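Each remark here refers to the structure printed beneath this line.
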Amino acid sequence: MSLKSVLRNTVRFTGRALFVGALFLPLQAVAEPVQNSNMPRTITLYAEDSNAPYAFLDGVSPEGIYVRILQEAFDRLPGYQLDIVNVPFRRGMELLKDGKIMGFFPPYARGDRDWIERYSIPTLRETVVAICSKDYAQSNDLKRFPDDFKGARFANNAGYGLAGPEFFDMVETGEITLEEANTTASNLRFLMAGRVDCYVNERMAILAGMRELAVDKAVARLFNEVAIIGYEFGYVAYGPDPEGKWPYRDQFAGALDRVLSDMLASGEIDRLVVSYFSY
């Protein structure tokens, strides 16, 4: 038999033919990359573990509105599959800044986070508010935030800068006292126990925290929303990659942005928000 015939039969019957290594191994080496290239690439994104209703850990499973939005988006990205790891906010931002993880969600865009190299398109507008005990609200003329809150005791989620730079300047000068806990529920406990006067967070996050604590309507009426501090958008943030671990990052980020844009335009994101709260 000629060498040409042997090669032809080897290609045709590689599943059962015992052909010697010099011819078999190159064929196997060529076949494996083709097979791997057809497999979805796993994208690991880190998320907050205690930012209900947006991103949190529900027992052992990631949950929240942003989680559901991203899960739906990945269903429309056949080349990728999603893996989510939940961590505390401050830890997630440290990992992102140090180049240890590719992406983290959902931080807000901040000028002092110039080390963040790329953000996804914005998907949800969130309302940042200050709530205070009714006693404090009725005893003070609270028209301007944070100027009218001198002497107040505030709670804050560790690592959050939602209250703004002027607020934290007043903390630095001692005009405002600040206590920080990792979770919304813990900070609400501070407020309900009278340990602090006020608390800043996103409006729906506060409501979700009250639901988690099973706060009844009578207790909820003891607290007033006293200021709208601003409106924010949550993002998937991509940090530095000093070791070149994620050369595919920008290609993936662009594909995700296109899908998120389509979901916004079609009303799918609004539907996911409504379905989350009606669950």
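Chain labels follow the order of the structure tokens: the first chain is A, the next B, and so on; residue numbering restarts at 1 in every chain, and ligands are counted from 1 in their shown order.
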
Name the residues of stretch 6-173 of chain A that fall into strand (DSSP E or B) according to DSSP on the backbone, using the chain letters and numbers of this document, as an NGL selection string. :A and (41-48 or 50-51 or 55-58 or 61-63 or 80-87 or 103-105 or 118-119 or 125-133 or 153-157)

List the spatial neighbours of A:Asp241 as a count of residues only - criterion: any atom at most 12 Å away, only C-alpha atoms, same-chain residues fewer than 5 positions off excluded. 18

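With only C-alpha atoms taken into account, the protein and nucleic acid residues at most 10 Å from A:Val273 (excluding it and anything under 6 positions from it in its own chain) are Pro53, Tyr54, Gly64, Ile65, Tyr66, Arg68, Ile69 and Leu124 of chain A.
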
From A:Asn156, A:Asn51, A:Ser61, A:Thr42, residue lying nearest A:Leu77 [only C-alpha atoms]: A:Thr42

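In this comparison, which uses only C-alpha atoms, the residue of A:Leu45, A:Glu268, A:Gly244, A:Cys132 approaching A:Pro62 most closely is A:Leu45.
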